[in-house]
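**Q** Structure file model24.txt (compact mmCIF, C-alpha atoms) is given on the next line.
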# COMPACT_ATOMS: atom_id res chain seq x y z
CA MET A 20 133.86 -15.58 -119.93
CA LEU A 21 130.83 -17.49 -121.14
CA THR A 22 131.89 -20.31 -123.47
CA LEU A 23 129.23 -21.75 -125.77
CA LEU A 24 129.40 -24.75 -128.05
CA ILE A 25 127.57 -24.10 -131.33
CA ALA A 26 126.87 -27.22 -133.37
CA VAL A 27 126.26 -26.43 -137.05
CA ASP A 28 125.29 -28.55 -140.07
CA GLY A 29 125.03 -25.91 -142.81
CA SER A 30 121.24 -25.66 -142.67
CA GLU A 31 119.28 -22.43 -142.21
CA TYR A 32 118.32 -23.68 -138.76
CA SER A 33 121.92 -23.83 -137.68
CA ASP A 34 122.44 -20.32 -139.16
CA ARG A 35 119.68 -19.19 -136.83
CA ALA A 36 121.47 -20.80 -133.91
CA VAL A 37 124.56 -18.72 -134.80
CA ASP A 38 122.39 -15.59 -135.07
CA TYR A 39 120.98 -16.36 -131.64
CA VAL A 40 124.48 -16.49 -130.16
CA VAL A 41 125.37 -13.16 -131.83
CA ARG A 42 122.26 -11.51 -130.38
CA ARG A 43 122.86 -13.01 -127.00
CA ALA A 44 126.49 -11.88 -126.96
CA ALA A 45 125.42 -8.34 -127.84
CA GLY A 46 123.09 -8.24 -124.87
CA SER A 47 125.42 -9.97 -122.45
CA ARG A 48 127.68 -8.18 -119.98
CA GLU A 49 129.93 -11.21 -119.73
CA PRO A 50 132.09 -11.65 -122.87
CA VAL A 51 131.04 -14.62 -124.99
CA ALA A 52 133.43 -17.08 -126.67
CA ALA A 53 132.31 -19.85 -128.99
CA HIS A 54 133.41 -23.29 -130.08
CA LEU A 55 131.96 -23.97 -133.52
CA LEU A 56 131.54 -27.66 -134.25
CA ASN A 57 130.49 -29.55 -137.35
CA VAL A 58 130.07 -33.31 -137.04
CA GLN A 59 130.51 -35.45 -140.16
CA LEU A 60 128.82 -38.83 -140.44
CA PRO A 61 131.28 -41.71 -140.78
CA LEU A 62 131.37 -43.28 -144.25
CA ALA A 63 130.18 -46.77 -143.37
CA GLY A 64 129.30 -48.35 -146.71
CA VAL A 65 131.07 -51.19 -148.45
CA ASN A 66 132.34 -49.17 -151.41
CA VAL A 67 133.94 -46.58 -149.21
CA LYS A 68 135.63 -49.24 -147.09
CA LEU A 69 136.93 -51.06 -150.15
CA PHE A 70 138.07 -48.16 -152.29
CA ILE A 71 139.01 -45.24 -150.11
CA SER A 72 141.83 -44.95 -147.62
CA PRO A 73 141.11 -43.55 -144.15
CA GLU A 74 143.38 -40.60 -144.99
CA SER A 75 141.26 -39.66 -148.01
CA GLN A 76 138.12 -40.06 -145.94
CA GLN A 77 139.51 -37.65 -143.36
CA ALA A 78 140.51 -35.19 -146.06
CA TYR A 79 136.97 -35.41 -147.41
CA HIS A 80 135.41 -34.87 -143.98
CA ARG A 81 137.77 -31.94 -143.46
CA ASP A 82 136.83 -30.27 -146.76
CA GLU A 83 133.12 -30.78 -146.16
CA GLY A 84 133.40 -29.59 -142.57
CA LEU A 85 135.36 -26.45 -143.41
CA ALA A 86 132.85 -25.58 -146.14
CA ILE A 87 129.99 -25.83 -143.67
CA LEU A 88 131.89 -23.90 -140.99
CA ALA A 89 132.90 -21.03 -143.30
CA ARG A 90 129.68 -19.00 -143.07
CA PRO A 91 129.17 -19.31 -139.29
CA ARG A 92 132.84 -18.46 -138.71
CA GLU A 93 132.51 -15.30 -140.77
CA ARG A 94 129.32 -14.32 -138.99
CA LEU A 95 130.90 -14.71 -135.55
CA ALA A 96 134.05 -12.87 -136.63
CA GLN A 97 131.94 -9.93 -137.86
CA ALA A 98 130.20 -9.83 -134.51
CA GLY A 99 133.56 -9.82 -132.76
CA ILE A 100 132.99 -13.10 -130.96
CA ALA A 101 136.15 -15.14 -130.32
CA CYS A 102 135.67 -18.54 -131.91
CA GLU A 103 137.50 -21.80 -132.39
CA HIS A 104 136.24 -24.25 -135.00
CA HIS A 105 136.21 -28.04 -134.86
CA ILE A 106 135.29 -30.90 -137.16
CA GLY A 107 134.26 -34.15 -135.53
CA VAL A 108 133.40 -37.51 -137.08
CA GLY A 109 130.92 -39.98 -135.64
CA ASP A 110 127.43 -40.11 -134.24
CA PRO A 111 126.50 -36.41 -134.15
CA GLY A 112 124.61 -36.50 -130.84
CA GLN A 113 127.42 -38.34 -129.07
CA VAL A 114 130.22 -36.21 -130.56
CA ILE A 115 128.47 -32.92 -129.70
CA ALA A 116 128.01 -34.08 -126.10
CA ASP A 117 131.69 -35.18 -125.94
CA TYR A 118 132.85 -31.78 -127.16
CA ALA A 119 130.66 -29.94 -124.67
CA ARG A 120 132.36 -31.93 -121.92
CA SER A 121 135.96 -31.78 -123.16
CA LYS A 122 135.91 -28.07 -124.03
CA GLY A 123 134.22 -27.17 -120.77
CA CYS A 124 131.39 -25.31 -122.48
CA ALA A 125 128.66 -23.78 -120.36
CA GLU A 126 125.92 -24.52 -122.89
CA VAL A 127 125.27 -26.21 -126.21
CA VAL A 128 123.45 -24.12 -128.84
CA MET A 129 122.12 -25.83 -131.95
CA GLY A 130 119.44 -25.59 -134.59
CA THR A 131 116.72 -28.18 -134.80
CA HIS A 132 114.57 -29.45 -137.68
CA GLY A 133 117.63 -29.12 -139.87
CA ARG A 134 118.42 -30.64 -143.20
CA GLY A 135 117.63 -34.28 -143.81
CA PHE A 136 113.88 -34.19 -143.28
CA LEU A 137 113.43 -37.82 -144.31
CA ALA A 138 116.26 -39.05 -142.11
CA GLY A 139 115.04 -36.83 -139.27
CA THR A 140 111.50 -38.14 -139.39
CA VAL A 141 112.45 -41.78 -139.69
CA LEU A 142 115.32 -41.78 -137.26
CA GLY A 143 114.59 -39.12 -134.67
CA SER A 144 116.56 -35.94 -134.17
CA VAL A 145 120.14 -35.26 -133.24
CA ALA A 146 118.88 -32.58 -130.86
CA GLN A 147 117.03 -35.17 -128.84
CA LYS A 148 120.17 -37.21 -128.37
CA VAL A 149 122.25 -34.16 -127.40
CA VAL A 150 119.68 -33.16 -124.77
CA HIS A 151 119.92 -36.70 -123.44
CA LEU A 152 123.74 -36.96 -123.38
CA ALA A 153 125.15 -33.46 -122.85
CA PRO A 154 126.34 -32.63 -119.32
CA VAL A 155 125.24 -28.98 -119.73
CA PRO A 156 122.05 -27.10 -120.72
CA VAL A 157 121.11 -27.32 -124.40
CA VAL A 158 119.50 -24.40 -126.27
CA LEU A 159 117.51 -25.48 -129.33
CA VAL A 160 116.91 -22.74 -131.89
CA LYS A 161 114.07 -23.08 -134.39
CA MET B 6 107.20 -65.95 -159.45
CA ASP B 7 104.39 -63.41 -159.90
CA PHE B 8 102.80 -60.54 -157.99
CA THR B 9 100.82 -62.83 -155.74
CA SER B 10 103.61 -65.06 -154.51
CA PRO B 11 105.38 -64.26 -151.25
CA GLU B 12 108.73 -65.05 -152.92
CA PHE B 13 108.17 -62.12 -155.25
CA TRP B 14 107.68 -59.65 -152.41
CA ILE B 15 110.58 -61.10 -150.43
CA ALA B 16 112.78 -60.60 -153.48
CA ILE B 17 111.52 -56.99 -153.75
CA GLY B 18 112.51 -56.37 -150.14
CA GLN B 19 115.90 -58.00 -150.63
CA ILE B 20 116.61 -55.91 -153.71
CA ILE B 21 115.77 -52.65 -151.93
CA VAL B 22 118.07 -53.50 -149.01
CA ILE B 23 120.87 -54.50 -151.41
CA ASP B 24 120.53 -51.27 -153.37
CA ILE B 25 120.68 -49.21 -150.18
CA LEU B 26 123.67 -51.14 -148.91
CA LEU B 27 125.72 -51.32 -152.10
CA GLY B 28 124.64 -48.12 -153.84
CA GLY B 29 124.25 -45.67 -150.99
CA ASP B 30 127.88 -44.68 -150.78
CA ASN B 31 128.51 -44.57 -154.52
CA ALA B 32 127.70 -40.84 -154.42
CA VAL B 33 130.23 -40.34 -151.62
CA VAL B 34 132.97 -41.90 -153.72
CA ILE B 35 132.01 -39.67 -156.66
CA ALA B 36 132.05 -36.57 -154.44
CA LEU B 37 135.45 -37.62 -153.10
CA ALA B 38 136.98 -38.00 -156.53
CA SER B 39 135.71 -34.63 -157.69
CA ARG B 40 136.41 -32.55 -154.61
CA ARG B 41 139.53 -30.85 -156.01
CA LEU B 42 137.71 -29.50 -159.07
CA PRO B 43 136.44 -25.92 -159.37
CA GLN B 44 132.77 -25.60 -158.37
CA ALA B 45 131.25 -25.53 -161.88
CA GLN B 46 133.27 -28.50 -163.11
CA ARG B 47 132.53 -30.33 -159.89
CA GLN B 48 128.81 -30.30 -160.67
CA GLN B 49 129.59 -31.62 -164.13
CA ALA B 50 131.83 -34.40 -162.81
CA ILE B 51 129.22 -35.43 -160.23
CA PHE B 52 126.49 -35.52 -162.88
CA TRP B 53 128.54 -37.63 -165.29
CA GLY B 54 129.75 -39.80 -162.43
CA MET B 55 126.18 -40.61 -161.43
CA PHE B 56 125.15 -41.08 -165.03
CA GLY B 57 128.06 -43.49 -165.43
CA ALA B 58 127.12 -45.35 -162.25
CA VAL B 59 123.59 -45.96 -163.54
CA ALA B 60 124.63 -46.69 -167.14
CA LEU B 61 127.28 -49.18 -166.03
CA ARG B 62 124.73 -50.99 -163.89
CA VAL B 63 122.42 -51.35 -166.89
CA VAL B 64 125.22 -52.65 -169.14
CA LEU B 65 126.72 -54.93 -166.50
CA ILE B 66 123.40 -56.49 -165.53
CA PHE B 67 122.79 -57.38 -169.17
CA PHE B 68 126.10 -59.25 -169.24
CA ALA B 69 125.54 -60.68 -165.76
CA LEU B 70 122.24 -62.26 -166.74
CA GLN B 71 123.91 -63.95 -169.72
CA LEU B 72 127.06 -64.96 -167.88
CA LEU B 73 125.32 -66.40 -164.84
CA ARG B 74 124.00 -69.19 -167.08
CA VAL B 75 127.57 -70.36 -167.67
CA PRO B 76 128.56 -73.26 -165.38
CA PHE B 77 130.47 -72.27 -162.23
CA LEU B 78 129.97 -68.52 -162.69
CA LYS B 79 127.15 -68.42 -160.15
CA LEU B 80 129.56 -70.16 -157.80
CA VAL B 81 132.15 -67.45 -158.41
CA GLY B 82 129.54 -64.68 -158.05
CA GLY B 83 128.27 -66.24 -154.82
CA LEU B 84 131.79 -66.39 -153.36
CA LEU B 85 132.30 -62.74 -154.30
CA LEU B 86 129.09 -61.81 -152.48
CA LEU B 87 130.19 -63.81 -149.41
CA TRP B 88 133.46 -61.87 -149.39
CA ILE B 89 131.65 -58.53 -149.72
CA GLY B 90 129.31 -59.49 -146.88
CA VAL B 91 132.26 -60.28 -144.60
CA LYS B 92 134.01 -57.08 -145.68
CA LEU B 93 130.94 -55.08 -144.67
CA LEU B 94 131.27 -56.33 -141.09
CA LEU B 95 134.96 -55.56 -140.69
CA PRO B 96 136.28 -52.26 -139.39
CA GLN B 97 138.61 -50.66 -141.90
CA GLU B 98 142.31 -51.34 -141.42
CA GLU B 99 144.72 -48.44 -141.27
CA GLY B 100 146.36 -47.85 -144.62
CA SER B 101 143.91 -50.06 -146.51
CA GLY B 102 141.78 -48.95 -149.41
CA HIS B 103 143.10 -47.53 -152.63
CA ASP B 104 143.49 -43.86 -152.81
CA ILE B 105 140.84 -42.29 -154.94
CA ASP B 106 142.77 -39.75 -156.91
CA ALA B 107 141.14 -36.36 -156.34
CA SER B 108 142.16 -35.01 -159.72
CA THR B 109 142.28 -31.28 -160.42
CA HIS B 110 141.23 -31.81 -164.07
CA LEU B 111 137.72 -32.62 -165.20
CA VAL B 112 138.83 -35.41 -167.54
CA GLY B 113 141.06 -36.96 -164.86
CA ALA B 114 138.28 -36.86 -162.28
CA ILE B 115 135.73 -38.39 -164.66
CA LYS B 116 138.17 -41.17 -165.54
CA THR B 117 138.68 -41.96 -161.86
CA ILE B 118 134.94 -41.87 -161.22
CA ILE B 119 134.06 -44.16 -164.13
CA LEU B 120 136.68 -46.67 -162.98
CA ALA B 121 135.34 -46.61 -159.43
CA ASP B 122 131.77 -46.79 -160.77
CA ALA B 123 132.62 -49.93 -162.72
CA VAL B 124 133.94 -51.75 -159.67
CA MET B 125 131.18 -50.48 -157.40
CA SER B 126 128.45 -51.43 -159.86
CA LEU B 127 129.73 -54.97 -160.19
CA ASP B 128 128.84 -56.15 -156.68
CA ASN B 129 125.50 -54.35 -156.85
CA VAL B 130 124.68 -55.98 -160.17
CA ILE B 131 125.63 -59.50 -159.09
CA ALA B 132 123.58 -59.11 -155.92
CA ILE B 133 120.53 -57.82 -157.84
CA ALA B 134 120.82 -60.66 -160.35
CA ALA B 135 121.09 -63.18 -157.52
CA ALA B 136 118.10 -61.82 -155.59
CA ALA B 137 115.98 -61.46 -158.75
CA LYS B 138 116.59 -65.11 -159.69
CA ASP B 139 116.45 -64.46 -163.44
CA HIS B 140 113.11 -62.64 -163.16
CA VAL B 141 113.59 -59.80 -165.65
CA GLY B 142 110.93 -57.60 -164.05
CA LEU B 143 112.72 -57.80 -160.71
CA VAL B 144 116.06 -57.01 -162.35
CA VAL B 145 114.59 -53.86 -163.89
CA PHE B 146 113.03 -52.98 -160.54
CA GLY B 147 116.43 -53.36 -158.88
CA LEU B 148 118.00 -50.99 -161.38
CA LEU B 149 115.21 -48.42 -161.01
CA VAL B 150 115.47 -48.42 -157.21
CA SER B 151 119.24 -47.99 -157.33
CA VAL B 152 119.00 -44.72 -159.30
CA PRO B 153 117.47 -42.46 -156.62
CA ILE B 154 119.63 -44.13 -153.98
CA ILE B 155 122.80 -43.31 -155.92
CA VAL B 156 121.69 -39.75 -156.67
CA TRP B 157 120.08 -38.64 -153.41
CA GLY B 158 120.49 -41.45 -150.93
CA SER B 159 123.97 -41.10 -149.49
CA ARG B 160 123.14 -38.85 -146.56
CA PHE B 161 120.11 -40.92 -145.63
CA VAL B 162 122.05 -44.17 -145.91
CA LEU B 163 124.94 -42.90 -143.79
CA THR B 164 122.52 -41.67 -141.12
CA LEU B 165 120.69 -44.98 -141.18
CA MET B 166 123.90 -46.99 -140.73
CA ASP B 167 125.06 -44.64 -137.97
CA ARG B 168 121.83 -44.85 -135.97
CA PHE B 169 121.15 -48.52 -136.52
CA PRO B 170 124.39 -50.50 -136.81
CA ILE B 171 122.15 -53.59 -136.95
CA VAL B 172 121.41 -52.59 -140.57
CA ILE B 173 125.01 -53.47 -141.41
CA VAL B 174 124.86 -56.88 -139.74
CA GLY B 175 121.45 -57.58 -141.27
CA GLY B 176 122.69 -56.49 -144.68
CA ALA B 177 125.77 -58.68 -144.44
CA ALA B 178 123.59 -61.65 -143.46
CA LEU B 179 121.31 -60.92 -146.41
CA LEU B 180 124.28 -60.89 -148.78
CA GLY B 181 125.34 -64.26 -147.34
CA TRP B 182 121.79 -65.56 -147.76
CA ILE B 183 121.50 -64.71 -151.45
CA ALA B 184 125.09 -65.85 -152.02
CA GLY B 185 124.30 -69.28 -150.57
CA ASP B 186 121.18 -69.46 -152.68
CA MET B 187 123.05 -68.42 -155.82
CA ILE B 188 125.84 -70.97 -155.28
CA ALA B 189 123.28 -73.76 -154.81
CA HIS B 190 121.66 -72.78 -158.12
CA ASP B 191 124.83 -72.87 -160.23
CA ILE B 192 124.13 -74.88 -163.38
CA ALA B 193 127.08 -77.18 -162.78
CA ILE B 194 126.21 -78.23 -159.24
CA LYS B 195 122.42 -77.65 -159.14
CA ALA B 196 121.59 -81.34 -159.63
CA HIS B 197 124.01 -82.49 -156.92
CA VAL B 198 122.67 -79.89 -154.49
CA ALA B 199 119.08 -80.98 -155.14
CA GLU B 200 120.12 -84.57 -154.40
CA LEU B 201 122.00 -83.61 -151.24
CA LEU B 202 119.35 -81.24 -149.93
CA PRO B 203 115.90 -82.61 -150.80
CA GLY B 204 112.60 -80.84 -150.06
CA PRO B 205 112.67 -78.35 -147.21
CA TRP B 206 116.45 -78.76 -146.90
CA THR B 207 116.88 -76.41 -149.88
CA TRP B 208 116.78 -73.67 -147.24
CA ALA B 209 120.08 -74.97 -145.86
CA ALA B 210 122.21 -73.26 -148.53
CA PRO B 211 121.00 -69.67 -147.95
CA VAL B 212 120.93 -70.16 -144.17
CA ALA B 213 124.48 -71.50 -144.26
CA GLY B 214 125.57 -68.55 -146.39
CA ALA B 215 124.07 -66.02 -143.96
CA LEU B 216 125.58 -67.73 -140.91
CA LEU B 217 128.95 -68.08 -142.60
CA VAL B 218 129.18 -64.37 -143.35
CA VAL B 219 128.13 -63.24 -139.87
CA VAL B 220 130.32 -65.77 -138.03
CA ILE B 221 133.43 -65.15 -140.15
CA GLY B 222 132.86 -61.40 -139.97
CA LYS B 223 132.52 -61.47 -136.19
CA ILE B 224 135.55 -63.72 -135.67
CA VAL B 225 137.84 -61.67 -137.92
CA ALA B 226 136.58 -58.40 -136.44
CA ALA B 227 137.22 -59.69 -132.91
CA ARG B 228 140.80 -60.63 -133.83
CA ARG B 229 141.61 -57.16 -135.09
CA PRO B 230 142.94 -54.93 -132.32
CA ALA B 231 140.25 -52.58 -131.02
CA PRO B 232 140.66 -49.02 -132.27
CA VAL B 233 142.26 -46.75 -129.68
CA VAL B 234 139.69 -44.35 -128.32
CA PRO B 235 141.35 -40.95 -127.98
CA ALA B 236 140.82 -39.07 -124.72
CA GLU B 237 139.91 -35.94 -126.69
CA PRO B 238 137.28 -36.13 -129.40
CA VAL B 239 138.70 -36.27 -132.93
CA ASP B 240 139.15 -32.82 -134.41
CA LEU B 241 139.98 -32.73 -138.11
CA ALA B 242 140.06 -28.91 -138.15
CA ARG B 243 143.26 -29.04 -136.09
CA ARG B 244 145.26 -31.16 -138.51
CA ASP B 245 147.60 -28.75 -140.21
CA GLY B 246 147.81 -26.20 -137.46
CA GLU B 247 145.03 -24.05 -138.79
Could you quickly redo this structure as structure tokens?
**A**
Amino acid sequence: MLTLLIAVDGSEYSDRAVDYVVRRAAGSREPVAAHLLNVQLPLAGVNVKLFISPESQQAYHRDEGLAILARPRERLAQAGIACEHHIGVGDPGQVIADYARSKGCAEVVMGTHGRGFLAGTVLGSVAQKVVHLAPVPVVLVK
Amino acid sequence: MDFTSPEFWIAIGQIIVIDILLGGDNAVVIALASRRLPQAQRQQAIFWGMFGAVALRVVLIFFALQLLRVPFLKLVGGLLLLWIGVKLLLPQEEGSGHDIDASTHLVGAIKTIILADAVMSLDNVIAIAAAAKDHVGLVVFGLLVSVPIIVWGSRFVLTLMDRFPIVIVGGAALLGWIAGDMIAHDIAIKAHVAELLPGPWTWAAPVAGALLVVVIGKIVAARRPAPVVPAEPVDLARRDGE
């Protein structure tokens, strides 16, 4: 069994990463299983800290995460690929690398040049950080 | 203060940082309050929530500029900013924070949002007024900058704070800085302060404010028990056995 971690953020680039896994599974003799992961950024601002309980923040992250995971989950189910989904909170690069380790995934697959062009240009990409931190090979899909 | 003075450009910089820091998560709070609404109504609630956030800032700043001329109110505003600066540095306690009511009705959600907007605008407005130092042009600039940050900025701001935690410390210090400055300029105590801190010593008040916020924030944060790091990464998808 080949277990892949697919990190998705709802962008078309991460859809392409899912498509890549579907294609790869179709051409693979070894059955492919997937862990689908969406990482939510922590809500660090003053207003959030003052006005919103951690429970509501988690409920919010959960709603947002499930919404982003819905399409990739459907796509994988159609392709007959066994898949578990996860929603993490924190620094995306770090959390993706942690999941790759704790779930014993053979590879990380993710889209790059995703949403958040401004943030991406100013701050550098999540993909870069995952490549740096993950204990396994990382496939970047454009 | 005019376009050529360095103070003017420093104030511009301060105002931008304040708007990012105190307005960036306004949109998140609005999204949170409207998340139980059906899709179409959700858009409506988010639009009116953002409209309310901007409108309340305009109204509140008008009152703030008048009120800050009243003796002791700059002192009160400065203390509020000091408290917000410290709060920014602290990790959130379990069970703290009011629960934003994620109403299932449009009217209920808008009510919640407007209430939250009012409170969230207040600190932003006081900070803009303090940094602008009664310069009306700068006040207007502060309001204009806050609009795109409220509407589009939340993802960028959250990413920024995640990648560079120093932004939070720097922002807290800045809040302390302008708080110290504002307190020293309160009508009631201005004359005494000028006597106590002649010439270049006028810098002492903002510097003290900045140091106070960072030191108190660090001490209180260090006293709180460190959050337990789970062996497994957090997984919110697993919460109700889905």
**Q** Return the single residue from A:Val27, A:Ala89, A:Ala96, A:Ile71 that is closest to Leu55 in chain A, with distances computed using only C-alpha atoms.
**A**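 Answer, going by the shortest atom-to-atom distance: A:Val27.
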**Q** Counting only C-alpha atoms, which residues from chain A have an atom at most 6 Å from any atom of chain B, and could you show them as a ChimeraX atom specification?
**A** /A:64-65,69-72,81,105-107,138
**Q** Set the distance at 10 Å and use only C-alpha atoms: which residues neighbour Lys161 in chain A once local chain neighbours fewer than 5 positions away are removed? I'd like the list as a list in words.
**A**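 Contacts, with the query itself left out: Glu31, Tyr32, Ser33, Arg35, Ala36, Met129, Gly130, Thr131, His132 and Gly133 of chain A.
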**Q** For the residues selected in the previous step, produce a file with C-alpha atoms as a PDB file, keeping the file's coordinate frame.
**A**
ATOM      1  CA  GLU A  31     119.280 -22.430-142.210  1.00  0.00           C
ATOM      2  CA  TYR A  32     118.320 -23.680-138.760  1.00  0.00           C
ATOM      3  CA  SER A  33     121.920 -23.830-137.680  1.00  0.00           C
ATOM      4  CA  ARG A  35     119.680 -19.190-136.830  1.00  0.00           C
ATOM      5  CA  ALA A  36     121.470 -20.800-133.910  1.00  0.00           C
ATOM      6  CA  MET A 129     122.120 -25.830-131.950  1.00  0.00           C
ATOM      7  CA  GLY A 130     119.440 -25.590-134.590  1.00  0.00           C
ATOM      8  CA  THR A 131     116.720 -28.180-134.800  1.00  0.00           C
ATOM      9  CA  HIS A 132     114.570 -29.450-137.680  1.00  0.00           C
ATOM     10  CA  GLY A 133     117.630 -29.120-139.870  1.00  0.00           C
TER      11      GLY A 133
END
**Q** For range 21-28 of chain A, what centre and edge lengths in Å (one decimal) does the axis-aligned box get once 6 Å is added on each side of all its listed atoms, as JSON?
**A**
{"center_x": 128.6, "center_y": -23.0, "center_z": -130.6, "size_x": 18.6, "size_y": 23.1, "size_z": 30.9}
**Q** What is the distance, in Å and to one decimal place, between CA of Gly185 in chain B and CA of Ala215 in chain B?
**A**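 We find that CA of Gly185 in chain B and CA of Ala215 in chain B lie 7.4 Å from each other.
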**Q** I'd like the neighbourhood of Glu49 in chain A as a PyMOL selection string, where a residue qualifies if any of its atoms comes within 12 Å (using all atoms listed in the file), though same-chain residues fewer than 5 positions away should be ignored.
**A** chain A and resi 20-22+43-44+100
**Q** Nearest to Ile154 in chain B: which of B:Ile51, B:Leu78, B:Val22, B:Ile133 is it, counting all atoms listed in the file?
**A**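 Closest to Ile154 in chain B of all the choices is B:Val22.
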**Q** So that I can see what lies close to range 142-156 of chain A, please list as a list in words the residues with an atom at most 7 Å from it, counting only C-alpha atoms and leaving out residues fewer than 4 positions away in the same chain.
**A**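 Within the cut-off, the hits are Pro111, Gly112, Gln113, Ile115, Ala116, Ala119, Arg120, Ala125, Glu126, Val127, Thr131 and Ala138 of chain A.
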**Q** Determine, counting only C-alpha atoms, which protein, DNA and RNA residues have an atom within 12 Å of an atom of Leu87 in chain B; residues of the same chain fewer than 2 positions away are not included. Present the result as a PyMOL selection string.
**A** chain B and resi 80-85+89-94+128+131-132+176-188+211+213-222
**Q** I'd like the interatomic distance between CA of Gly147 in chain B and CA of Pro76 in chain B, to a tenth of an Å.
**A**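 According to the coordinates, CA of Gly147 in chain B and CA of Pro76 in chain B are separated by 24.2 Å.
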**Q** How many Å lie between CA of Asp110 in chain A and CA of Pro61 in chain A, rounded to one decimal?
**A**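 Distance between the two atoms: 7.8 Å.
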**Q** Please identify all polymer residues lying at most 6 Å from the point (141.6, -39.2, -162.4) (file coordinates), using all atoms listed in the file, and present the result as a ChimeraX atom specification.
**A** /B:106,108,113-114,116-117
